[in-house]
>>> print(open('my_file-v7.txt').read())   # compact mmCIF, C-alpha atoms
# COMPACT_ATOMS: atom_id res chain seq x y z
CA MET A 1 -125.93 -69.75 -42.08
CA SER A 2 -125.60 -66.59 -40.00
CA LEU A 3 -123.48 -67.50 -36.97
CA ASP A 4 -123.09 -65.43 -33.83
CA PRO A 5 -119.60 -64.45 -32.67
CA GLY A 6 -118.17 -67.41 -30.77
CA VAL A 7 -120.18 -70.01 -32.70
CA GLU A 8 -118.23 -72.27 -35.06
CA LEU A 9 -119.28 -75.24 -37.18
CA THR A 10 -117.16 -78.06 -38.58
CA GLU A 11 -118.25 -81.09 -40.59
CA LEU A 12 -115.85 -84.01 -40.39
CA PRO A 13 -115.08 -86.19 -43.44
CA SER A 14 -117.21 -88.88 -41.76
CA GLY A 15 -120.24 -86.58 -41.99
CA LEU A 16 -120.41 -85.84 -38.26
CA CYS A 17 -121.32 -82.18 -37.63
CA ILE A 18 -119.68 -80.43 -34.67
CA VAL A 19 -120.91 -77.04 -33.53
CA THR A 20 -119.53 -75.09 -30.59
CA GLU A 21 -120.25 -71.85 -28.80
CA THR A 22 -117.41 -70.28 -26.82
CA MET A 23 -118.60 -68.71 -23.55
CA PRO A 24 -115.39 -67.35 -21.96
CA ALA A 25 -116.99 -66.39 -18.64
CA ALA A 26 -118.50 -69.84 -18.05
CA ARG A 27 -116.91 -72.29 -15.66
CA SER A 28 -118.69 -75.26 -17.21
CA VAL A 29 -118.95 -76.99 -20.54
CA THR A 30 -122.00 -78.87 -21.81
CA LEU A 31 -121.68 -81.45 -24.57
CA GLY A 32 -124.63 -82.97 -26.38
CA ALA A 33 -124.84 -85.67 -29.05
CA TRP A 34 -128.10 -85.38 -31.01
CA VAL A 35 -129.13 -88.44 -33.01
CA ARG A 36 -131.65 -87.60 -35.74
CA VAL A 37 -133.79 -90.64 -34.96
CA GLY A 38 -136.70 -90.85 -32.53
CA GLY A 39 -139.99 -92.54 -31.81
CA ARG A 40 -141.54 -91.82 -35.21
CA ASP A 41 -138.72 -93.60 -37.01
CA GLU A 42 -139.33 -97.07 -35.55
CA PRO A 43 -141.32 -99.83 -37.24
CA ASP A 44 -144.44 -100.73 -35.28
CA ARG A 45 -142.96 -103.93 -33.88
CA LEU A 46 -139.96 -101.99 -32.51
CA SER A 47 -141.99 -99.17 -30.99
CA GLY A 48 -139.99 -97.87 -28.04
CA ALA A 49 -136.60 -98.96 -29.42
CA SER A 50 -135.09 -95.44 -29.37
CA HIS A 51 -136.07 -94.95 -25.73
CA PHE A 52 -134.90 -98.46 -24.81
CA LEU A 53 -131.55 -97.76 -26.43
CA GLU A 54 -131.28 -94.42 -24.64
CA HIS A 55 -131.51 -96.27 -21.32
CA LEU A 56 -129.05 -98.97 -22.35
CA LEU A 57 -126.23 -96.73 -23.54
CA PHE A 58 -125.59 -95.63 -19.97
CA LYS A 59 -125.40 -99.23 -18.78
CA GLY A 60 -121.82 -99.47 -19.95
CA THR A 61 -119.35 -100.17 -22.73
CA ALA A 62 -116.64 -102.73 -23.28
CA ASP A 63 -114.27 -100.66 -21.13
CA ARG A 64 -116.65 -99.01 -18.66
CA SER A 65 -119.41 -100.36 -16.45
CA ALA A 66 -122.48 -98.32 -15.59
CA ARG A 67 -120.93 -97.69 -12.17
CA ASP A 68 -117.67 -96.52 -13.76
CA ILE A 69 -119.58 -93.96 -15.83
CA ALA A 70 -121.63 -92.74 -12.87
CA GLU A 71 -118.60 -92.44 -10.59
CA ALA A 72 -116.55 -90.59 -13.21
CA VAL A 73 -119.26 -87.96 -13.61
CA ASP A 74 -120.07 -87.68 -9.90
CA ALA A 75 -116.41 -87.31 -9.01
CA VAL A 76 -116.24 -83.95 -10.80
CA GLY A 77 -119.68 -82.70 -9.75
CA GLY A 78 -121.13 -83.12 -13.22
CA GLU A 79 -124.29 -84.60 -14.68
CA MET A 80 -124.94 -86.92 -17.59
CA ASN A 81 -128.37 -87.71 -18.96
CA ALA A 82 -130.43 -88.26 -22.08
CA PHE A 83 -133.93 -87.94 -23.50
CA THR A 84 -135.90 -89.35 -26.40
CA SER A 85 -138.40 -87.40 -28.50
CA ARG A 86 -140.36 -88.26 -31.60
CA GLU A 87 -137.67 -87.04 -34.00
CA HIS A 88 -134.38 -87.23 -32.16
CA THR A 89 -132.58 -88.74 -29.19
CA ALA A 90 -130.11 -86.59 -27.25
CA TYR A 91 -127.31 -87.53 -24.86
CA TYR A 92 -125.56 -84.81 -22.87
CA ALA A 93 -123.03 -84.15 -20.15
CA ARG A 94 -122.39 -80.98 -18.15
CA LEU A 95 -119.00 -80.79 -16.47
CA PRO A 96 -116.42 -78.29 -15.19
CA HIS A 97 -114.79 -76.75 -18.25
CA ASP A 98 -111.40 -78.29 -17.48
CA ARG A 99 -112.93 -81.77 -17.75
CA LEU A 100 -113.85 -81.50 -21.42
CA ASP A 101 -111.65 -84.53 -22.00
CA LEU A 102 -113.82 -86.64 -19.69
CA GLY A 103 -117.04 -85.51 -21.38
CA THR A 104 -115.87 -86.25 -24.92
CA ALA A 105 -114.44 -89.61 -23.90
CA LEU A 106 -117.63 -90.71 -22.13
CA LEU A 107 -120.00 -89.55 -24.86
CA GLY A 108 -117.85 -91.04 -27.57
CA ASP A 109 -117.60 -94.35 -25.76
CA VAL A 110 -121.31 -94.83 -25.07
CA LEU A 111 -122.35 -93.65 -28.54
CA THR A 112 -119.89 -95.78 -30.50
CA ALA A 113 -119.33 -98.93 -28.44
CA PRO A 114 -122.16 -99.74 -26.02
CA ALA A 115 -121.91 -103.20 -24.50
CA LEU A 116 -125.63 -104.03 -24.64
CA ARG A 117 -125.05 -106.99 -22.34
CA PRO A 118 -128.00 -109.42 -22.30
CA ASP A 119 -128.44 -109.30 -18.51
CA GLU A 120 -128.45 -105.50 -18.56
CA VAL A 121 -130.97 -105.49 -21.41
CA GLU A 122 -133.32 -107.62 -19.32
CA ALA A 123 -132.87 -105.51 -16.19
CA GLU A 124 -133.52 -102.28 -18.08
CA ARG A 125 -136.52 -103.81 -19.83
CA GLN A 126 -138.18 -104.11 -16.43
CA VAL A 127 -137.29 -100.49 -15.58
CA ILE A 128 -138.95 -99.28 -18.79
CA VAL A 129 -142.05 -101.41 -18.17
CA GLU A 130 -142.31 -99.72 -14.76
CA GLU A 131 -141.98 -96.34 -16.48
CA ILE A 132 -144.85 -97.24 -18.81
CA LEU A 133 -146.98 -98.39 -15.89
CA MET A 134 -146.19 -95.17 -14.05
CA ASN A 135 -147.52 -93.23 -17.03
CA LEU A 136 -150.71 -95.28 -16.98
CA ASP A 137 -151.13 -94.40 -13.30
CA ALA A 138 -150.79 -90.66 -13.99
CA PRO A 139 -154.02 -89.49 -15.68
CA ASP A 140 -152.60 -86.03 -16.42
CA ASP A 141 -149.88 -87.79 -18.48
CA ARG A 142 -152.14 -90.48 -19.88
CA VAL A 143 -154.55 -87.96 -21.40
CA HIS A 144 -151.71 -86.49 -23.49
CA THR A 145 -150.92 -89.97 -24.82
CA LEU A 146 -154.57 -90.38 -25.84
CA LEU A 147 -154.53 -86.96 -27.46
CA ALA A 148 -151.48 -87.80 -29.59
CA GLU A 149 -153.14 -91.01 -30.76
CA ALA A 150 -156.24 -89.04 -31.75
CA LEU A 151 -154.27 -86.27 -33.47
CA PHE A 152 -152.16 -88.69 -35.53
CA PRO A 153 -154.21 -91.90 -35.78
CA GLY A 154 -152.31 -94.79 -37.32
CA HIS A 155 -149.18 -92.65 -37.70
CA PRO A 156 -145.89 -92.97 -35.78
CA LEU A 157 -146.26 -89.41 -34.45
CA GLY A 158 -149.28 -90.64 -32.51
CA ARG A 159 -147.39 -93.39 -30.70
CA GLU A 160 -146.03 -93.07 -27.20
CA VAL A 161 -142.25 -92.57 -27.34
CA LEU A 162 -141.85 -95.10 -24.52
CA GLY A 163 -143.48 -97.76 -26.67
CA ASP A 164 -146.12 -99.97 -25.08
CA ARG A 165 -145.72 -102.87 -22.73
CA ASP A 166 -146.16 -105.49 -25.45
CA THR A 167 -143.49 -104.09 -27.76
CA VAL A 168 -141.01 -103.36 -24.96
CA GLU A 169 -141.38 -106.89 -23.61
CA ALA A 170 -140.97 -108.39 -27.09
CA ILE A 171 -137.95 -106.47 -28.41
CA THR A 172 -134.86 -108.66 -28.41
CA ARG A 173 -131.31 -107.69 -27.56
CA ASP A 174 -130.28 -108.34 -31.18
CA GLU A 175 -133.04 -106.07 -32.51
CA ILE A 176 -131.86 -103.26 -30.25
CA ALA A 177 -128.27 -103.83 -31.36
CA GLY A 178 -129.43 -103.77 -34.98
CA PHE A 179 -131.27 -100.48 -34.43
CA PHE A 180 -128.06 -99.03 -33.00
CA GLU A 181 -125.99 -100.30 -35.92
CA ASP A 182 -128.41 -98.82 -38.45
CA TRP A 183 -128.83 -95.35 -37.01
CA TYR A 184 -126.07 -94.41 -34.58
CA ARG A 185 -123.63 -93.28 -37.24
CA PRO A 186 -121.84 -89.97 -37.99
CA ARG A 187 -124.13 -88.71 -40.76
CA THR A 188 -127.13 -89.16 -38.49
CA MET A 189 -125.56 -87.23 -35.59
CA VAL A 190 -124.80 -83.69 -34.46
CA VAL A 191 -122.46 -82.91 -31.57
CA ALA A 192 -123.04 -79.52 -29.93
CA VAL A 193 -120.77 -78.09 -27.22
CA ALA A 194 -121.04 -74.82 -25.30
CA GLY A 195 -118.95 -73.28 -22.54
CA ARG A 196 -115.38 -72.22 -21.91
CA LEU A 197 -113.67 -74.02 -24.78
CA GLU A 198 -111.53 -73.83 -27.88
CA HIS A 199 -113.28 -74.99 -31.04
CA ALA A 200 -110.18 -76.66 -32.49
CA GLU A 201 -109.64 -78.66 -29.30
CA VAL A 202 -113.28 -79.79 -29.26
CA VAL A 203 -113.07 -80.91 -32.90
CA GLU A 204 -109.88 -82.83 -32.21
CA ARG A 205 -111.30 -84.61 -29.17
CA ILE A 206 -114.68 -85.38 -30.76
CA SER A 207 -112.96 -86.67 -33.91
CA ALA A 208 -110.94 -89.10 -31.83
CA ALA A 209 -113.82 -90.12 -29.54
CA PHE A 210 -116.25 -90.83 -32.40
CA ALA A 211 -113.74 -92.39 -34.79
CA GLY A 212 -115.14 -95.89 -34.40
CA ARG A 213 -118.22 -95.33 -36.58
CA ALA A 214 -118.77 -94.46 -40.25
CA GLY A 215 -121.55 -93.67 -42.72
CA GLY A 216 -125.18 -93.29 -41.81
CA SER A 217 -128.28 -91.68 -43.33
CA ARG A 218 -131.43 -89.84 -42.36
CA PRO A 219 -134.63 -91.80 -41.74
CA ALA A 220 -137.33 -91.57 -44.41
CA ARG A 221 -140.48 -89.96 -43.03
CA GLU A 222 -144.05 -89.77 -44.24
CA ALA A 223 -146.34 -86.90 -43.28
CA PRO A 224 -149.61 -87.75 -41.51
CA ALA A 225 -152.95 -87.73 -43.30
CA PRO A 226 -155.37 -84.81 -42.71
CA LEU A 227 -157.01 -84.73 -39.29
CA GLU A 228 -160.54 -85.95 -38.72
CA PRO A 229 -162.46 -84.73 -35.62
CA ALA A 230 -162.56 -87.32 -32.86
CA VAL A 231 -163.39 -87.86 -29.20
CA VAL A 232 -161.39 -90.36 -27.14
CA VAL A 233 -162.48 -91.19 -23.60
CA GLU A 234 -160.80 -93.44 -21.08
CA GLU A 235 -162.82 -94.05 -17.96
CA ASP A 236 -160.80 -94.01 -14.75
CA ASP A 237 -161.63 -93.63 -11.08
CA THR A 238 -159.89 -90.26 -10.76
CA GLU A 239 -160.67 -87.29 -8.55
CA GLN A 240 -160.53 -84.94 -11.53
CA ALA A 241 -161.59 -85.02 -15.14
CA HIS A 242 -158.42 -84.61 -17.20
CA LEU A 243 -159.24 -83.02 -20.54
CA CYS A 244 -157.13 -82.26 -23.62
CA LEU A 245 -158.22 -80.47 -26.76
CA GLY A 246 -155.96 -80.67 -29.80
CA TRP A 247 -155.56 -79.13 -33.24
CA ARG A 248 -153.04 -79.79 -35.98
CA ALA A 249 -150.62 -76.90 -36.22
CA LEU A 250 -147.43 -75.78 -38.00
CA HIS A 251 -144.34 -77.72 -38.99
CA ALA A 252 -140.96 -76.60 -37.67
CA GLY A 253 -140.00 -74.56 -40.73
CA ASP A 254 -143.30 -72.75 -41.28
CA GLU A 255 -142.85 -69.01 -41.82
CA ASP A 256 -145.73 -68.32 -39.45
CA ARG A 257 -143.96 -70.04 -36.53
CA TRP A 258 -143.08 -66.78 -34.78
CA ALA A 259 -146.66 -65.56 -34.86
CA PHE A 260 -147.75 -69.03 -33.74
CA ALA A 261 -145.43 -68.88 -30.72
CA VAL A 262 -147.06 -65.60 -29.74
CA ALA A 263 -150.53 -67.06 -30.31
CA ASN A 264 -149.78 -70.02 -28.05
CA GLN A 265 -148.41 -67.73 -25.33
CA VAL A 266 -151.54 -65.56 -25.41
CA LEU A 267 -153.82 -68.59 -25.42
CA GLY A 268 -152.34 -70.53 -22.52
CA GLY A 269 -148.61 -70.04 -22.17
CA GLY A 270 -148.44 -68.33 -18.80
CA MET A 271 -150.21 -66.56 -15.97
CA ALA A 272 -151.18 -63.64 -18.20
CA SER A 273 -152.73 -65.94 -20.80
CA ARG A 274 -156.42 -65.94 -21.58
CA LEU A 275 -156.92 -69.52 -20.43
CA PHE A 276 -155.24 -68.93 -17.08
CA GLN A 277 -157.12 -65.71 -16.48
CA GLU A 278 -160.53 -67.02 -17.54
CA VAL A 279 -160.48 -70.66 -16.38
CA ARG A 280 -158.50 -70.32 -13.17
CA GLU A 281 -158.43 -66.71 -12.01
CA ALA A 282 -161.94 -65.56 -12.96
CA ARG A 283 -163.88 -68.80 -12.43
CA GLY A 284 -161.78 -71.09 -10.27
CA LEU A 285 -162.47 -74.05 -12.55
CA ALA A 286 -158.97 -75.56 -12.52
CA TYR A 287 -155.66 -75.43 -10.73
CA SER A 288 -153.72 -76.48 -13.84
CA VAL A 289 -154.68 -75.12 -17.26
CA TYR A 290 -152.34 -74.38 -20.14
CA SER A 291 -151.71 -74.70 -23.86
CA HIS A 292 -148.74 -76.38 -25.50
CA ALA A 293 -147.34 -76.41 -29.03
CA SER A 294 -145.05 -78.94 -30.70
CA SER A 295 -143.58 -78.85 -34.19
CA TYR A 296 -142.02 -81.59 -36.31
CA VAL A 297 -140.39 -81.56 -39.73
CA ASP A 298 -143.71 -82.09 -41.53
CA ALA A 299 -146.47 -81.56 -38.94
CA GLY A 300 -147.29 -80.04 -35.57
CA TYR A 301 -150.04 -79.63 -33.02
CA LEU A 302 -151.50 -77.27 -30.44
CA SER A 303 -153.11 -78.64 -27.30
CA VAL A 304 -155.05 -77.29 -24.34
CA TYR A 305 -155.02 -79.20 -21.04
CA LEU A 306 -157.03 -78.72 -17.88
CA GLY A 307 -157.91 -80.79 -14.85
CA THR A 308 -161.18 -80.01 -13.12
CA ALA A 309 -163.83 -81.51 -10.85
CA PRO A 310 -165.90 -83.99 -12.89
CA ALA A 311 -169.12 -82.12 -12.21
CA ARG A 312 -167.57 -78.94 -13.67
CA ALA A 313 -166.00 -80.46 -16.77
CA ARG A 314 -168.73 -79.34 -19.12
CA GLU A 315 -168.59 -75.77 -17.79
CA ALA A 316 -164.79 -75.72 -18.08
CA LEU A 317 -164.90 -76.86 -21.70
CA ALA A 318 -167.49 -74.19 -22.46
CA VAL A 319 -165.15 -71.53 -21.07
CA VAL A 320 -162.28 -72.85 -23.19
CA ASP A 321 -164.57 -72.77 -26.23
CA GLY A 322 -165.41 -69.17 -25.42
CA VAL A 323 -161.73 -68.22 -25.26
CA VAL A 324 -161.06 -69.94 -28.58
CA GLU A 325 -164.06 -68.32 -30.25
CA GLY A 326 -162.99 -64.90 -28.99
CA LEU A 327 -159.51 -65.31 -30.44
CA LEU A 328 -160.88 -66.54 -33.76
CA ALA A 329 -163.29 -63.63 -34.00
CA ASP A 330 -161.17 -60.74 -32.76
CA GLY A 331 -157.55 -61.84 -32.53
CA ILE A 332 -155.33 -60.42 -29.80
CA THR A 333 -154.78 -56.95 -28.40
CA ASP A 334 -151.67 -54.81 -28.79
CA ARG A 335 -150.95 -55.28 -25.07
CA GLU A 336 -151.24 -59.06 -25.34
CA LEU A 337 -148.78 -58.99 -28.23
CA GLU A 338 -146.37 -56.87 -26.22
CA VAL A 339 -146.53 -59.15 -23.17
CA ALA A 340 -146.31 -62.42 -25.13
CA SER A 341 -143.48 -61.42 -27.46
CA GLY A 342 -141.61 -59.87 -24.53
CA TYR A 343 -141.92 -63.08 -22.53
CA LEU A 344 -140.73 -65.26 -25.42
CA ALA A 345 -137.75 -63.03 -26.19
CA GLY A 346 -136.76 -62.61 -22.55
CA SER A 347 -137.04 -66.29 -21.64
CA MET A 348 -134.96 -67.25 -24.66
CA LEU A 349 -132.18 -64.84 -23.71
CA LEU A 350 -132.19 -65.90 -20.07
CA GLY A 351 -131.98 -69.55 -21.08
CA LEU A 352 -128.91 -68.90 -23.21
CA GLU A 353 -126.87 -67.67 -20.25
CA ASP A 354 -126.48 -71.32 -19.20
CA THR A 355 -124.13 -73.59 -21.14
CA GLY A 356 -126.83 -76.27 -21.25
CA GLY A 357 -129.31 -73.87 -22.84
CA ALA A 358 -126.77 -72.66 -25.39
CA MET A 359 -125.83 -76.24 -26.31
CA ALA A 360 -129.48 -77.25 -26.67
CA ARG A 361 -130.26 -74.32 -28.98
CA LEU A 362 -127.44 -75.26 -31.33
CA GLY A 363 -128.00 -79.01 -31.23
CA ARG A 364 -131.76 -78.90 -31.65
CA SER A 365 -131.65 -76.40 -34.51
CA LEU A 366 -129.00 -78.29 -36.45
CA ALA A 367 -130.58 -81.69 -35.81
CA GLN A 368 -134.11 -80.61 -36.71
CA ARG A 369 -133.66 -78.02 -39.45
CA ASP A 370 -130.00 -78.28 -40.57
CA VAL A 371 -129.45 -74.59 -39.84
CA ILE A 372 -128.06 -72.43 -37.06
CA THR A 373 -129.32 -68.89 -36.89
CA SER A 374 -128.03 -65.87 -35.04
CA VAL A 375 -129.76 -65.23 -31.71
CA ASP A 376 -130.74 -61.86 -33.14
CA GLU A 377 -132.85 -63.45 -35.90
CA PRO A 378 -135.61 -64.95 -33.71
CA LEU A 379 -135.62 -61.77 -31.63
CA ALA A 380 -136.14 -59.68 -34.75
CA ARG A 381 -138.79 -62.05 -36.06
CA LEU A 382 -140.68 -61.87 -32.75
CA ARG A 383 -140.52 -58.06 -32.74
CA ALA A 384 -141.88 -58.02 -36.29
CA VAL A 385 -145.02 -60.03 -35.43
CA THR A 386 -148.22 -57.99 -35.68
CA PRO A 387 -151.70 -58.63 -34.26
CA GLU A 388 -152.80 -59.37 -37.81
CA ASP A 389 -150.12 -62.06 -38.13
CA VAL A 390 -151.32 -63.68 -34.93
CA HIS A 391 -154.96 -63.52 -36.00
CA ARG A 392 -154.08 -65.18 -39.30
CA VAL A 393 -152.25 -68.07 -37.64
CA LEU A 394 -154.99 -68.49 -35.05
CA GLN A 395 -157.48 -68.93 -37.85
CA ARG A 396 -155.14 -71.38 -39.61
CA VAL A 397 -154.87 -73.56 -36.50
CA LEU A 398 -157.92 -73.07 -34.27
CA GLY A 399 -160.18 -72.79 -37.29
CA GLY A 400 -159.38 -76.36 -38.29
CA PRO A 401 -160.77 -79.67 -37.01
CA ARG A 402 -160.00 -80.65 -33.43
CA VAL A 403 -159.98 -83.69 -31.20
CA LEU A 404 -160.85 -84.15 -27.53
CA ALA A 405 -159.23 -86.66 -25.18
CA ALA A 406 -160.45 -87.30 -21.64
CA VAL A 407 -159.46 -89.44 -18.69
CA ALA A 408 -162.25 -89.18 -16.14
CA PRO A 409 -164.77 -90.99 -13.93
CA MET A 410 -167.42 -90.77 -16.60
CA ALA A 411 -170.31 -91.76 -14.35
CA GLU A 412 -169.71 -88.52 -12.41
CA THR A 413 -168.69 -86.26 -15.27
CA ALA A 414 -171.46 -84.00 -16.51
CA LEU A 415 -170.02 -84.00 -20.02
CA VAL A 416 -171.69 -84.66 -23.33
CA LEU A 417 -169.13 -86.56 -25.41
>>> encode(input="my_file-v7.txt", output="structure tokens")
Amino acid sequence: MSLDPGVELTELPSGLCIVTETMPAARSVTLGAWVRVGGRDEPDRLSGASHFLEHLLFKGTADRSARDIAEAVDAVGGEMNAFTSREHTAYYARLPHDRLDLGTALLGDVLTAPALRPDEVEAERQVIVEEILMNLDAPDDRVHTLLAEALFPGHPLGREVLGDRDTVEAITRDEIAGFFEDWYRPRTMVVAVAGRLEHAEVVERISAAFAGRAGGSRPAREAPAPLEPAVVVEEDDTEQAHLCLGWRALHAGDEDRWAFAVANQVLGGGMASRLFQEVREARGLAYSVYSHASSYVDAGYLSVYLGTAPARAREALAVVDGVVEGLLADGITDRELEVASGYLAGSMLLGLEDTGGAMARLGRSLAQRDVITSVDEPLARLRAVTPEDVHRVLQRVLGGPRVLAAVAPMAETALVL
């Protein structure tokens, strides 16, 4: 691996990987524990277990209550949070740099010895059910859930990371504890730390804080079957028609991923994108319109979202089709390449000035692809992208089958589905 100055990597005998980036001018330190298990790694009956566990780890340990944890972090002006994705679950804390000891102790405690008290499991179960219901009440979120199900039918990548109400209500405390015992182990984790720090001190503290666990392995994963075109419609009494188009795209290690990032930016990644300019600026068909790309170890997807008046849904989709057809036929211009690659490079560099951004880059890369690259490598790869590269990847992705998901008042939507 090609490491930048200030980046150091140590693997403990337990198998736990620790990566740090020293940022001498920073006054903070951000620590993140990345568990290589997420929503796709759960059996159907335990769908939502990773997210449930994410909530519960902050409820306390044998030595600390949830209030103790919250007060300890608040007392130094810090923050502690977590998130669950389809392929990993991350727990992080951002604190003043001289409170590294507090951060390592808290993360180590919650990730090695959570209490998982029955009464707290039941209380948090209700919180998660409310979160699921909130998603159902938000059509602009709900349509993305429908799209994932259509893109990966019958596959764990198509499931909602939150789980569904039935599975969340059925999971027992012992099943959650068993999930923790199986997966929250050193060989399944990466700890990334960035800020004003000394690598040797971080390794010493993390080694002590995570000493209570051993072993572990990666989850076995099966790639999804080829995509079949589909249309999924959920009727709802909404003011707008919420529409999502989706295509299968590139996995996280695909050599075309740099050209694909540019392609997504040109399509709908910002205010200069073709979708924004055509759908919103030129025609006033939507307030919110964008494209989004996600990549996994063995699959990926590209989506286009827009919300529009039901009576204009058909027109809006026709405009999107026109943008897609234009890109497939002619590719992008030199100026579009310049703007898109410049945006991607600049936003990456700006994000790395923050200790949280630097930690996330290291943790995500090591957890997802088992590599850490120099910051200069993605910059060089972006600069090397040509219009021909982008045209090739556009044809790979947008030239394939697609699915459409909609949440809309269908009686009012002039849409042929």
>>> residues_near_point(input="my_file-v7.txt", point="(-122.0, -92.5, -35.6)", cutoff="9 Å", atoms="all atoms listed in the file", output="MDAnalysis selection string")
chainID A and resid 14:16 35 111:112 181 183:189 210:216
>>> closest_residue(input="my_file-v7.txt", among="A:Glu234, A:Asp141, A:Glu130, A:Asp41", to="A:Pro156", atoms="only C-alpha atoms")
A:Asp41
>>> closest_atom_pairs(input="my_file-v7.txt", of="stretch 376-401 of chain A", to="stretch 282-302 of chain A", cutoff="12 Å", atoms="all atoms listed in the file", output="tab-separated table")
residue	atom	partner	partner_atom	distance
A:Val393	CA	A:Leu302	CA	11.7
A:Leu394	CA	A:Leu302	CA	10.5
A:Arg396	CA	A:Leu302	CA	11.5
A:Val397	CA	A:Leu302	CA	7.9
A:Leu398	CA	A:Leu302	CA	8.6
A:Gly399	CA	A:Leu302	CA	11.9
A:Gly400	CA	A:Leu302	CA	11.2
A:Pro401	CA	A:Tyr301	CA	11.4
>>> write_last_selection(input="my_file-v7.txt", atoms="C-alpha atoms", output="short mmCIF file (atom, residue, chain, number, x, y, z; two decimals), in the frame of the given file")
data_model
loop_
_atom_site.label_atom_id
_atom_site.label_comp_id
_atom_site.auth_asym_id
_atom_site.auth_seq_id
_atom_site.Cartn_x
_atom_site.Cartn_y
_atom_site.Cartn_z
CA VAL A 393 -152.25 -68.07 -37.64
CA LEU A 394 -154.99 -68.49 -35.05
CA ARG A 396 -155.14 -71.38 -39.61
CA VAL A 397 -154.87 -73.56 -36.50
CA LEU A 398 -157.92 -73.07 -34.27
CA GLY A 399 -160.18 -72.79 -37.29
CA GLY A 400 -159.38 -76.36 -38.29
CA PRO A 401 -160.77 -79.67 -37.01
#
>>> closest_residue(input="my_file-v7.txt", among="A:Ala380, A:Ala170, A:Leu100, A:Ala360", to="A:His199", atoms="all atoms listed in the file")
A:Leu100
>>> axis_aligned_box(input="my_file-v7.txt", around="stretch 8-26 of chain A", padding_each_side="8 Å", output="JSON")
{"center_x": -118.2, "center_y": -77.6, "center_z": -30.7, "size_x": 22.2, "size_y": 38.5, "size_z": 41.4}
>>> residues_around(input="my_file-v7.txt", residues="A:Ala62", least_positions_apart="5", cutoff="10 Å", atoms="all atoms listed in the file", output="NGL selection string")
:A and (109-110 or 113-117)
>>> decode(input="my_file-v7.txt", residues="stretch 210-214 of chain A", atoms="all heavy atoms", output="PDB file, in the first residue's frame")
ATOM      1  N   PHE A 210      -9.482  -2.724  23.438  1.00  0.00           N
ATOM      2  CA  PHE A 210     -10.150  -3.786  22.689  1.00  0.00           C
ATOM      3  C   PHE A 210      -9.620  -5.172  23.045  1.00  0.00           C
ATOM      4  O   PHE A 210      -9.846  -6.136  22.311  1.00  0.00           O
ATOM      5  CB  PHE A 210      -9.993  -3.541  21.186  1.00  0.00           C
ATOM      6  CG  PHE A 210     -10.862  -2.444  20.645  1.00  0.00           C
ATOM      7  CD1 PHE A 210     -10.559  -1.110  20.882  1.00  0.00           C
ATOM      8  CD2 PHE A 210     -11.999  -2.734  19.904  1.00  0.00           C
ATOM      9  CE1 PHE A 210     -11.361  -0.091  20.394  1.00  0.00           C
ATOM     10  CE2 PHE A 210     -12.807  -1.726  19.409  1.00  0.00           C
ATOM     11  CZ  PHE A 210     -12.488  -0.397  19.657  1.00  0.00           C
ATOM     12  N   ALA A 211      -8.960  -5.283  24.191  1.00  0.00           N
ATOM     13  CA  ALA A 211      -8.314  -6.548  24.547  1.00  0.00           C
ATOM     14  C   ALA A 211      -9.296  -7.642  24.926  1.00  0.00           C
ATOM     15  O   ALA A 211      -8.935  -8.818  24.984  1.00  0.00           O
ATOM     16  CB  ALA A 211      -7.328  -6.312  25.694  1.00  0.00           C
ATOM     17  N   GLY A 212     -10.546  -7.293  25.169  1.00  0.00           N
ATOM     18  CA  GLY A 212     -11.498  -8.283  25.651  1.00  0.00           C
ATOM     19  C   GLY A 212     -12.073  -9.205  24.596  1.00  0.00           C
ATOM     20  O   GLY A 212     -12.854 -10.109  24.926  1.00  0.00           O
ATOM     21  N   ARG A 213     -11.711  -9.027  23.334  1.00  0.00           N
ATOM     22  CA  ARG A 213     -12.288  -9.853  22.269  1.00  0.00           C
ATOM     23  C   ARG A 213     -11.179 -10.551  21.489  1.00  0.00           C
ATOM     24  O   ARG A 213     -10.029 -10.085  21.456  1.00  0.00           O
ATOM     25  CB  ARG A 213     -13.100  -8.989  21.296  1.00  0.00           C
ATOM     26  CG  ARG A 213     -14.159  -8.131  21.951  1.00  0.00           C
ATOM     27  CD  ARG A 213     -15.327  -8.949  22.457  1.00  0.00           C
ATOM     28  NE  ARG A 213     -16.150  -9.441  21.356  1.00  0.00           N
ATOM     29  CZ  ARG A 213     -17.081 -10.368  21.499  1.00  0.00           C
ATOM     30  NH1 ARG A 213     -17.285 -10.939  22.662  1.00  0.00           N
ATOM     31  NH2 ARG A 213     -17.809 -10.738  20.469  1.00  0.00           N
ATOM     32  N   ALA A 214     -11.507 -11.646  20.817  1.00  0.00           N
ATOM     33  CA  ALA A 214     -10.526 -12.382  20.029  1.00  0.00           C
ATOM     34  C   ALA A 214     -11.197 -12.996  18.807  1.00  0.00           C
ATOM     35  O   ALA A 214     -12.416 -13.168  18.756  1.00  0.00           O
ATOM     36  CB  ALA A 214      -9.886 -13.474  20.880  1.00  0.00           C
TER      37      ALA A 214
END
